[in-house]
Every structure is written in structure tokens, then in C-alpha cells.
Amino acid sequence: MERHERWVLLSSAGLMSVFFALLLYSALGWGASVPTCVTDVRPFSQGRIEKIDGRRVAAYMVARMWFFDPSEIRVAPGTEINLYLSALDVTHGLYIEGTNVNLMAVPGTVNLARFRLDREGEYRILCHEYCGLGHQNMAGKIVVTRAASEG
Amino acid sequence: MKEEQGAAVDSTHRVAALSLVVAGTTLLVLGIYHGLVQVLYRAGWIRSMSFLGLDYYQGLTLHGVVNAIVYTTFFEVAFGYVLVVYFLRAKLNRTVTAVAVGAMLVGTVIAAVPILTGHASVLYTFYPPLKASPWFYVGAALLVVGSWVPFFQWISAYVRWRREHPGQKSPLAVVGILATFTIWLIATIPLAVEVLLLLIPWSFGWVSSINVVLARTLFWFFGHPLVYFWLLPSYVMYYVMLPKLVGGKLFSDAAARLAFFLFVVFSAPVGLHHQYADPGVSAGYKWLHGLFTFFVALPSFITAFTVAASLEFGARKAGGQGWFRWWARLPYRDPDRYLFAYGFCGLVLFLFGGITGIVNASVTMNNVVHNTSWVPGHFHTTLGGPVFLSFLGLSLWMVGELTGREVRLPRANVWVPYLWLLGVALFSVGLSVAGILGEPRRTNLAITYSNPESPLYQASWEFWTRLGAVGGILMTLAMGVYFAVFFATLFSPARKRREIDIPVAEPLHDEDVPWLRNFAPWVAAAIVLLIVAYVPPLYEVLTGGTVPAVPYEPHSPAPLAQSP
């Protein structure tokens, strides 16, 4: 190989290594993650919200043509939300506005994201995978409010 | 390397290649129209579910299938025939070619009917359990299987050439196109498994349910090497033709060969980076595919350097000086060297396409952009950048060579890529920024998110969707000019001999590297990596307890079969 070419190859390999190291840091240092294989929860067809304890809830959400069930989740600020996501009919997506919660909802299986929302307010949920004719209407929301801690 | 003479093409191969190029470009009119309509919907300038008799998602399906699958595959098979006939002086079996090209054309017609009649609005990814008419899958399968045949013809021509030219280096363009189709073969085997074994029996109703995670995994096993199948013919143009067009030489022959072989190795074991947000696949496998995706960036870095160095060599020979001033000495607006303009604009877009691609591949960062409009913002600077522009330029060039015509409207033609470049720049900025703000891709924004009367209205996206629409309009204008040039050329009287003459750059640094002479070790390495990357996740997907899913049509939440 021509020597400049060798230099380009090595320096670009170096650059990509730095990028990859930073990604590992985002995962190990900040706890950023991607969904993994969930085996302890079977696919479900009814949505529900369960309080685990004072600081944690488990939300079992079903994505279906063309709404989320439940369509609204109310939590107190800082609550750890364990969002289990299944799809009843076709493939859907779930994205919570202003956050990095971004999941696919695939029929026959369960997805999981674990996160907290510290600021009070409404966070809109939208479906970001084409799921048929009503796809653009499919939305939900998470309401973060201190009032939720009293219930 | 000796100067090649023009090569005559026998009538069968001339007709075959021309049919593919003309059919692909004609269908492209439809594909481009649906690109335009989509940006108008997204900006809220068309506010409905359908326009002129075609539904938004039907149009989106057409846009994806025509532009990304049909146009590209047609072009590449035609280009491959031209390269193999020219460089290897191969006499290919005419009947086999006619059958293969016929199968591709017939398959396309079979798939087009359900799309146009609204029975296959499932987008180009056709994720089950959304179900299309079975004929959509049958047609697609015929197109793909038809495109395998030429590859085997070329392999046998290549083997014969090697036997007859012992000790000679294979022509770089042939190495490039064989690498392209090696990747295509690797990619389309899992696709064939998905379509033939899963989707066709299920869509005909012979089996009631399907493993959706398996189907998605097989689709993306195909879907990412697919992008290198699109990209590598552009690289053939960049390495072989562009340096010659600027009066220079290819900076390093060995680097070019290494780039092609690295793509063979790393293009496929990366598909899970499309499934970072998916359930049913362990995070560890996703990280492994993320790592391999970073490797596949390397041959593109090499290419960026080699092509720039080759252009610099040519520009300096033409009197260019200084660190940067030599850039002014390139033939940007020369109508006779329009391929340079097409290639150059593609390279500019690819700088951004490459960087945004690395963002997408960056495992945890992908959470920010997955399935947002950032993604089409990205791939319109890759697929809509170097790939599409080089295919446009080379299609026009092939028509000229194969029919003996001079390009008509040459001055308008040379501006097409610049107008396209400007359009894509605005379009991609609009989509990318809105994507970071959360705007979803593949969504008819018109009646909700772009509609101030809807409770879902998103004011913060409005400026960006409109910027995207302005870009889309400019892209369409560029294509209007291109279609005028293309069809004016096609229907003009023949002026020159019908033979192919390819501008071939000689290498500046021409080392003979023994380990860059054979495909075998690279293909073997590719297979090993594929086993490492795909056997564990496929095993997990097959045994992971995914409940099989029954089919649905896009317009109704009522299932088409009973759960087993």
C-alpha cells in the first residue's frame, strides 16, 4: 500500500476506535442503553399500570391499531417508569417526546425501557412506525405531576 | 495497462441493457412524483389522506420500491453487463440473458399491479404482520432471482478471462462489479428465505401465523448489505472513470481493490444496527453489529482520500496549485464531462451522508434518531447522493454509448446535479433537524402533526417540514430537467457508432499486492463474520418464545386469520 493510504487507513481506524470507546462510555458511565431480550414477561393484550413501590411503577402498554392502551400514564416527578411494551396487531413504534425513550412494539414479544421523568409536564407519546391507515393519529401521553404521588 | 478500444455489444445484450435502463428511468418518473407529493403532505400543503387517486402510504410504497429496489437493480444489472462485455470482451449466452432480464421485468410488473391497485401499501420494508397481496411478494422474488442470473454469467466470464490471461491483474471495474454482486448475493439469500419460506405461504393463507422478529431480522440481514450494493457501482465510477475525466490518474490501485474487498467482508454482519430499538434481540448482539458497522466505515474513508488525491493529481496537471486552489481547476461545468459533475455532487453529499451514518450506527445515540425523519434526512445524502447521481449520469451515458446518440440539451444536463445537490441539502437539513425534534418518518403529517387544527399539531416542526418541502421541489425540478435530457437523447437520431468506450484511469501507484488478487479469502472471511454475527441472534429469535402473529391489512384492525 502507498504510505499515505496506510496513514489514512490507520488514522480512520483510530478515529472510529475513539468513537466506539465514547459509546461504551455512554453505556457504562451514563447508563445509556438499548433494549434487550425480555424473557420474564409474556406478551400481553391488555394495558395496565402497577405500582411497584412509592418510587417505581410498571406500565404495561399495548400498541394497537391505532391507539396506545393505556393512552395516558400519570406519575409523580422522578418516578422510575418500567415501560413494558407489546403490540396487539401489527408492528408499531413508541417515542416519548423530548426524551431518549425510543422503542419498537413488535407483535408476539415484549420490549422494555426503564427511565425517569423529573420535570413536571405533559410528555407526548407518538407512534413512529407505519402501522396502517390511521398511523398518523396514534398518540398518547405521560403526565408528570406532583398530584400523582397522592393517589 | 494498454489503452482499451471501443467494444461492440451484441444486439441481445444491447437490447437487454437498454430495456432495463429505459424501464427503470420511466418508472422513476412515478417514484420522483411520489417523493414530491410526500414533502407537500408533510409540510401540510396537501391536507388529506390521498391525492389524485393515490393514498399517502401507497405513494410512499411506490416511492421506496421504485426508487430503491427497481431502479437501482435494473441499473446495476445493465451496468454490470456493459462492464463485463467491455473489460472482459466476454461473449455471454444470449438466451440466458434474455430470460434473466425478462424475469426481472415481468416480476416488476407482477409486483406493480397490487401496489397501484392499493393492495400492497406496506412500504418497501413490508414488515409483517401487515400483509400485502401475495403477488407483491411473488413479483419481488422474481425480480431478485432474475438479478442473480447475470452474476453467475459474469463469474464464469471472469474465470475464463483469468484462465486466458495468466498473471494479469483483473480489471478494477470488473473487481468492483463482482464485489457489488457478491454483496447482493449474500444479502438476497436471507431475503429469499424471508419471502419464499415465510411471507408467500403466509400471505396466501397456507399458514396462519408468522414469527415477526425472525422476519425483521432476515429483512435487515438483507437491508444493510443492500446499501453497499447500491453504493459500489458509484465507487466503480469514482475509481475508474472520474480520475480519467479530470485528466489524471487513479492515485492507488491497491487501495481501490482493498476498499472493494473490505466491503465484501464487512457489509453484511451489521444488519442489527437497524434493530437497536427492537425487542426480542439481546443487546450484546446489537453492540457486536454496531462494532462491525464501524469497520465498514473504513473503506469509505479510504475512498474519500483516494478519490480526492486522484482529482488533485489531475487538477495539478491542468495547472492547479496551492493547498486548496487546485480545486478550482476541475471541470465542474464541462458538458462533455458531465459524469464529473454528477460524481462530484455525489461526493459532496456523501461527506454528510457518511457522518450522519456513523451517528445512526452509534448504538446508544441511535435512541435519539431511530425512526425519526432524521433517517430519511440521512439516506437522501447517501442513496440520494453519490448512488442516485452516479446512476443518473451513467444511465444517460449508457444510452448514448449503446444507441450511438449524443446527449441532447448538454448545457442543461450539466446543471442537473448541482440543482439536485441544493435540493437535497435543504431537504435533508429540514428532515434531520425536525427528526431531532421528534418528527417521525413514514407518517402522513398532513392531517395531524402539520395541522394547526389538530390536537397533535407540532408548531416546532413547521419551519423544518417547509424547508424540506422547498428542497423536495428543487429536487423534482432537477429531475424534470434530467428526464427531458434523457428522453430527448433517447429519441434523437443516432450520430455515432454504437460501441462502448469507457474512460479508464491508469493507476499512479500500481503495486501488485498478491493478497488483493483473489476473491476467495475475502469471501471466506465474510462467511466467518456472518456466522459469528448472525448464528447466535437467529438462534435466539427462533427459540426465544416469540408468539407467532396473524396477518392484518393496513386499513383494518380486524385480523385476517385466527390465532393458532
# chains A, B, ... in the order shown; residues from 1 in each chain; ligands from 1
>>> residues_around(residues="stretch 422-428 of chain B", least_positions_apart="4", cutoff="9 Å", atoms="only C-alpha atoms", output="JSON, numbers by chain")
{"B": [39, 349, 374, 376, 377, 378, 379, 380, 381, 384, 385, 417, 418, 432, 433, 464, 465, 466, 467, 468, 469, 470, 471, 472, 473, 474, 475, 476, 477, 478]}
>>> residues_around(residues="B:Val159", least_positions_apart="2", cutoff="12 Å", atoms="only C-alpha atoms", output="PyMOL selection string")
chain B and resi 84+88+90+152-157+161-166+170+174-175+178+518-519
>>> write_last_selection(atoms="N, CA and C atoms", output="mmCIF file, in the first residue's frame")
data_model
loop_
_atom_site.group_PDB
_atom_site.id
_atom_site.type_symbol
_atom_site.label_atom_id
_atom_site.label_comp_id
_atom_site.auth_asym_id
_atom_site.auth_seq_id
_atom_site.Cartn_x
_atom_site.Cartn_y
_atom_site.Cartn_z
ATOM 1 N N VAL B 84 -18.741 -5.948 -18.022
ATOM 2 C CA VAL B 84 -18.188 -7.279 -18.283
ATOM 3 C C VAL B 84 -17.908 -7.452 -19.788
ATOM 4 N N LEU B 88 -13.909 -7.591 -20.257
ATOM 5 C CA LEU B 88 -13.514 -8.991 -20.435
ATOM 6 C C LEU B 88 -13.739 -9.459 -21.869
ATOM 7 N N ALA B 90 -16.319 -10.376 -23.128
ATOM 8 C CA ALA B 90 -16.982 -11.659 -22.908
ATOM 9 C C ALA B 90 -18.098 -11.866 -23.914
ATOM 10 N N PHE B 152 -23.982 -14.945 -12.161
ATOM 11 C CA PHE B 152 -23.324 -16.221 -12.457
ATOM 12 C C PHE B 152 -22.731 -16.218 -13.864
ATOM 13 N N GLN B 153 -23.407 -15.527 -14.797
ATOM 14 C CA GLN B 153 -22.812 -15.384 -16.135
ATOM 15 C C GLN B 153 -21.467 -14.649 -16.050
ATOM 16 N N TRP B 154 -21.440 -13.594 -15.236
ATOM 17 C CA TRP B 154 -20.221 -12.783 -15.146
ATOM 18 C C TRP B 154 -19.107 -13.550 -14.454
ATOM 19 N N ILE B 155 -19.462 -14.326 -13.421
ATOM 20 C CA ILE B 155 -18.433 -15.108 -12.733
ATOM 21 C C ILE B 155 -17.780 -16.050 -13.737
ATOM 22 N N SER B 156 -18.593 -16.700 -14.555
ATOM 23 C CA SER B 156 -17.989 -17.671 -15.463
ATOM 24 C C SER B 156 -17.140 -16.949 -16.517
ATOM 25 N N ALA B 157 -17.572 -15.748 -16.952
ATOM 26 C CA ALA B 157 -16.750 -14.977 -17.886
ATOM 27 C C ALA B 157 -15.435 -14.552 -17.233
ATOM 28 N N TRP B 161 -11.646 -15.509 -18.288
ATOM 29 C CA TRP B 161 -10.673 -14.444 -18.567
ATOM 30 C C TRP B 161 -9.385 -14.668 -17.782
ATOM 31 N N ARG B 162 -9.547 -15.052 -16.516
ATOM 32 C CA ARG B 162 -8.362 -15.284 -15.675
ATOM 33 C C ARG B 162 -7.525 -16.425 -16.234
ATOM 34 N N ARG B 163 -8.239 -17.466 -16.735
ATOM 35 C CA ARG B 163 -7.523 -18.608 -17.285
ATOM 36 C C ARG B 163 -6.765 -18.199 -18.547
ATOM 37 N N GLU B 164 -7.388 -17.336 -19.352
ATOM 38 C CA GLU B 164 -6.764 -16.940 -20.615
ATOM 39 C C GLU B 164 -5.729 -15.839 -20.450
ATOM 40 N N HIS B 165 -5.695 -15.177 -19.306
ATOM 41 C CA HIS B 165 -4.747 -14.097 -19.067
ATOM 42 C C HIS B 165 -3.972 -14.356 -17.785
ATOM 43 N N PRO B 166 -3.179 -15.447 -17.763
ATOM 44 C CA PRO B 166 -2.488 -15.785 -16.523
ATOM 45 C C PRO B 166 -1.513 -14.668 -16.132
ATOM 46 N N SER B 170 -6.752 -8.462 -12.785
ATOM 47 C CA SER B 170 -8.114 -8.304 -13.297
ATOM 48 C C SER B 170 -8.433 -6.813 -13.392
ATOM 49 N N VAL B 174 -14.135 -4.564 -13.104
ATOM 50 C CA VAL B 174 -14.748 -5.889 -13.006
ATOM 51 C C VAL B 174 -14.689 -6.380 -11.561
ATOM 52 N N VAL B 175 -13.551 -6.134 -10.906
ATOM 53 C CA VAL B 175 -13.463 -6.474 -9.481
ATOM 54 C C VAL B 175 -14.568 -5.739 -8.720
ATOM 55 N N LEU B 178 -18.071 -7.247 -9.539
ATOM 56 C CA LEU B 178 -18.216 -8.581 -8.938
ATOM 57 C C LEU B 178 -18.344 -8.470 -7.412
ATOM 58 N N ASN B 518 -7.306 -12.197 -5.325
ATOM 59 C CA ASN B 518 -8.365 -13.208 -5.342
ATOM 60 C C ASN B 518 -9.526 -12.856 -4.432
ATOM 61 N N PHE B 519 -10.713 -13.219 -4.880
ATOM 62 C CA PHE B 519 -11.901 -13.018 -4.058
ATOM 63 C C PHE B 519 -11.977 -14.018 -2.906
#
>>> interface_residues(of="chain A", to="chain B", cutoff="6 Å", atoms="only C-alpha atoms", output="PyMOL selection string")
chain A and resi 33+35-37+65+90+100+102-104+108-109+111+128+132-133+136
>>> write_last_selection(atoms="N, CA and C atoms", output="short mmCIF file (atom, residue, chain, number, x, y, z; two decimals), in the first residue's frame")
data_model
loop_
_atom_site.label_atom_id
_atom_site.label_comp_id
_atom_site.auth_asym_id
_atom_site.auth_seq_id
_atom_site.Cartn_x
_atom_site.Cartn_y
_atom_site.Cartn_z
N SER A 33 -28.65 2.91 27.21
CA SER A 33 -28.75 1.51 26.81
C SER A 33 -29.69 1.35 25.62
N PRO A 35 -32.66 -1.58 24.03
CA PRO A 35 -33.49 -2.67 24.53
C PRO A 35 -32.82 -4.03 24.35
N THR A 36 -33.16 -4.94 25.21
CA THR A 36 -32.61 -6.28 25.09
C THR A 36 -33.75 -7.28 25.06
N CYS A 37 -33.41 -8.56 25.13
CA CYS A 37 -34.42 -9.60 25.04
C CYS A 37 -35.09 -9.77 26.40
N MET A 65 -53.80 -0.89 16.55
CA MET A 65 -54.33 -0.02 15.51
C MET A 65 -55.53 0.75 16.07
N VAL A 90 -50.23 -5.22 14.60
CA VAL A 90 -49.07 -5.09 13.71
C VAL A 90 -47.93 -4.40 14.45
N ASN A 100 -35.05 10.21 25.38
CA ASN A 100 -34.39 9.22 24.53
C ASN A 100 -35.08 7.87 24.60
N ASN A 102 -37.19 5.34 22.98
CA ASN A 102 -37.48 5.13 21.57
C ASN A 102 -37.51 3.63 21.33
N LEU A 103 -38.69 3.07 21.19
CA LEU A 103 -38.83 1.61 21.17
C LEU A 103 -39.65 1.14 19.98
N MET A 104 -39.41 -0.08 19.55
CA MET A 104 -40.29 -0.74 18.60
C MET A 104 -41.26 -1.61 19.40
N GLY A 108 -46.12 -10.31 19.42
CA GLY A 108 -45.58 -11.59 19.86
C GLY A 108 -44.39 -11.49 20.78
N THR A 109 -44.02 -10.25 21.16
CA THR A 109 -42.86 -10.10 22.02
C THR A 109 -42.99 -8.85 22.87
N ASN A 111 -41.10 -5.44 24.74
CA ASN A 111 -39.96 -4.54 24.80
C ASN A 111 -39.98 -3.84 26.16
N HIS A 128 -44.13 5.82 15.81
CA HIS A 128 -43.25 6.22 14.72
C HIS A 128 -42.97 5.09 13.74
N GLY A 132 -50.45 1.22 9.30
CA GLY A 132 -51.72 1.19 8.58
C GLY A 132 -52.32 2.59 8.48
N LEU A 133 -53.55 2.58 8.02
CA LEU A 133 -54.23 3.81 7.62
C LEU A 133 -54.29 4.90 8.69
N GLN A 136 -50.99 8.07 11.54
CA GLN A 136 -50.66 9.45 11.93
C GLN A 136 -51.52 9.97 13.09
#
>>> closest_residue(among="B:Gly24, B:Gly64, B:Gly435, B:Gly35", to="B:Met104", atoms="only C-alpha atoms")
B:Gly24
>>> closest_residue(among="B:Ala120, B:His13, B:Ala43, B:Leu392", to="B:Gln458", atoms="only C-alpha atoms")
B:Ala43
>>> atom_distance(atom1="atom CA of B:Val485", atom2="atom CA of B:Val29")
13.3 Å
>>> residues_around(residues="A:His92", least_positions_apart="6", cutoff="10 Å", atoms="only C-alpha atoms", output="PDB file with C-alpha atoms, in the first residue's frame")
ATOM      1  CA  VAL A  62     -50.245  -2.269  24.346  1.00  0.00           C
ATOM      2  CA  ALA A  63     -49.756  -0.622  20.975  1.00  0.00           C
ATOM      3  CA  ARG A  64     -52.628  -1.389  18.612  1.00  0.00           C
ATOM      4  CA  MET A  65     -54.334  -0.016  15.511  1.00  0.00           C
ATOM      5  CA  TRP A  66     -54.483   2.956  16.179  1.00  0.00           C
ATOM      6  CA  PHE A  67     -54.032   3.844  19.825  1.00  0.00           C
ATOM      7  CA  PHE A  68     -51.976   3.099  22.891  1.00  0.00           C
ATOM      8  CA  LEU A  85     -44.444  -2.579  25.509  1.00  0.00           C
ATOM      9  CA  SER A  86     -46.259  -5.160  23.421  1.00  0.00           C
ATOM     10  CA  LEU A 103     -38.833   1.607  21.174  1.00  0.00           C
ATOM     11  CA  MET A 104     -40.295  -0.744  18.597  1.00  0.00           C
ATOM     12  CA  ALA A 105     -43.518  -2.539  19.523  1.00  0.00           C
ATOM     13  CA  VAL A 106     -43.465  -5.914  17.789  1.00  0.00           C
ATOM     14  CA  PRO A 107     -46.325  -8.446  17.924  1.00  0.00           C
ATOM     15  CA  LEU A 126     -46.209   9.089  19.318  1.00  0.00           C
ATOM     16  CA  CYS A 127     -46.174   6.028  17.104  1.00  0.00           C
ATOM     17  CA  HIS A 128     -43.252   6.222  14.721  1.00  0.00           C
ATOM     18  CA  GLU A 129     -43.639   3.004  12.752  1.00  0.00           C
ATOM     19  CA  TYR A 130     -46.105   2.790   9.895  1.00  0.00           C
ATOM     20  CA  CYS A 131     -48.999   0.675  11.169  1.00  0.00           C
ATOM     21  CA  GLY A 132     -51.718   1.193   8.578  1.00  0.00           C
ATOM     22  CA  HIS A 135     -50.904   5.638  11.831  1.00  0.00           C
ATOM     23  CA  MET A 138     -51.774   7.232  17.008  1.00  0.00           C
TER      24      MET A 138
END
>>> atom_distance(atom1="atom CA of B:Ala318", atom2="atom CA of B:Leu250")
15.5 Å
>>> select_by_dssp(residues="stretch 19-149 of chain A", states="strand (DSSP E)", output="ChimeraX atom specification")
/A:48-53,56-64,67-69,72-75,80-87,92-96,102-105,111-116,121-126,139-144
>>> write_last_selection(atoms="C-alpha atoms", output="compact mmCIF listing (two decimals), in the first residue's frame")
# COMPACT_ATOMS: atom_id res chain seq x y z
CA ARG A 48 -52.39 -1.77 32.89
CA ILE A 49 -50.32 0.25 35.32
CA GLU A 50 -48.97 -1.28 38.53
CA LYS A 51 -47.34 0.48 41.39
CA ILE A 52 -44.24 -1.43 42.44
CA ASP A 53 -43.46 0.80 45.43
CA ARG A 56 -41.45 2.86 40.92
CA VAL A 57 -44.28 1.93 38.56
CA ALA A 58 -44.60 -0.79 35.94
CA ALA A 59 -46.63 0.31 32.92
CA TYR A 60 -47.79 -2.49 30.64
CA MET A 61 -48.62 -0.73 27.41
CA VAL A 62 -50.24 -2.27 24.35
CA ALA A 63 -49.76 -0.62 20.98
CA ARG A 64 -52.63 -1.39 18.61
CA PHE A 67 -54.03 3.84 19.83
CA PHE A 68 -51.98 3.10 22.89
CA ASP A 69 -53.62 1.26 25.78
CA GLU A 72 -52.24 8.15 29.41
CA ILE A 73 -49.84 7.44 32.26
CA ARG A 74 -49.77 9.74 35.32
CA VAL A 75 -46.71 9.65 37.55
CA GLU A 80 -38.88 5.15 37.87
CA ILE A 81 -41.09 4.03 34.99
CA ASN A 82 -40.68 0.44 33.81
CA LEU A 83 -42.39 0.59 30.45
CA TYR A 84 -43.24 -2.86 29.09
CA LEU A 85 -44.44 -2.58 25.51
CA SER A 86 -46.26 -5.16 23.42
CA ALA A 87 -48.21 -4.94 20.16
CA HIS A 92 -45.79 -0.07 15.96
CA GLY A 93 -43.26 2.32 17.41
CA LEU A 94 -43.17 4.35 20.60
CA TYR A 95 -41.28 7.58 21.04
CA ILE A 96 -41.64 9.88 24.05
CA ASN A 102 -37.48 5.13 21.57
CA LEU A 103 -38.83 1.61 21.17
CA MET A 104 -40.29 -0.74 18.60
CA ALA A 105 -43.52 -2.54 19.52
CA ASN A 111 -39.96 -4.54 24.80
CA LEU A 112 -38.75 -2.69 27.89
CA ALA A 113 -37.43 0.77 28.74
CA ARG A 114 -36.61 1.94 32.26
CA PHE A 115 -36.44 5.71 32.77
CA ARG A 116 -37.40 8.68 34.96
CA GLY A 121 -45.48 18.46 32.48
CA GLU A 122 -47.01 16.53 29.61
CA TYR A 123 -44.81 14.29 27.50
CA ARG A 124 -46.41 13.23 24.28
CA ILE A 125 -46.02 9.69 23.03
CA LEU A 126 -46.21 9.09 19.32
CA ALA A 139 -50.56 9.07 20.10
CA GLY A 140 -50.66 9.02 23.88
CA LYS A 141 -49.11 10.91 26.77
CA ILE A 142 -47.33 10.72 30.07
CA VAL A 143 -48.39 13.33 32.59
CA VAL A 144 -45.78 14.06 35.21
>>> atom_distance(atom1="atom CA of B:Trp135", atom2="atom CA of B:Tyr41")
28.9 Å
>>> closest_residue(among="A:Met16, A:Asp118, A:Gly31, A:Val41", to="A:Gly78", atoms="only C-alpha atoms")
A:Asp118
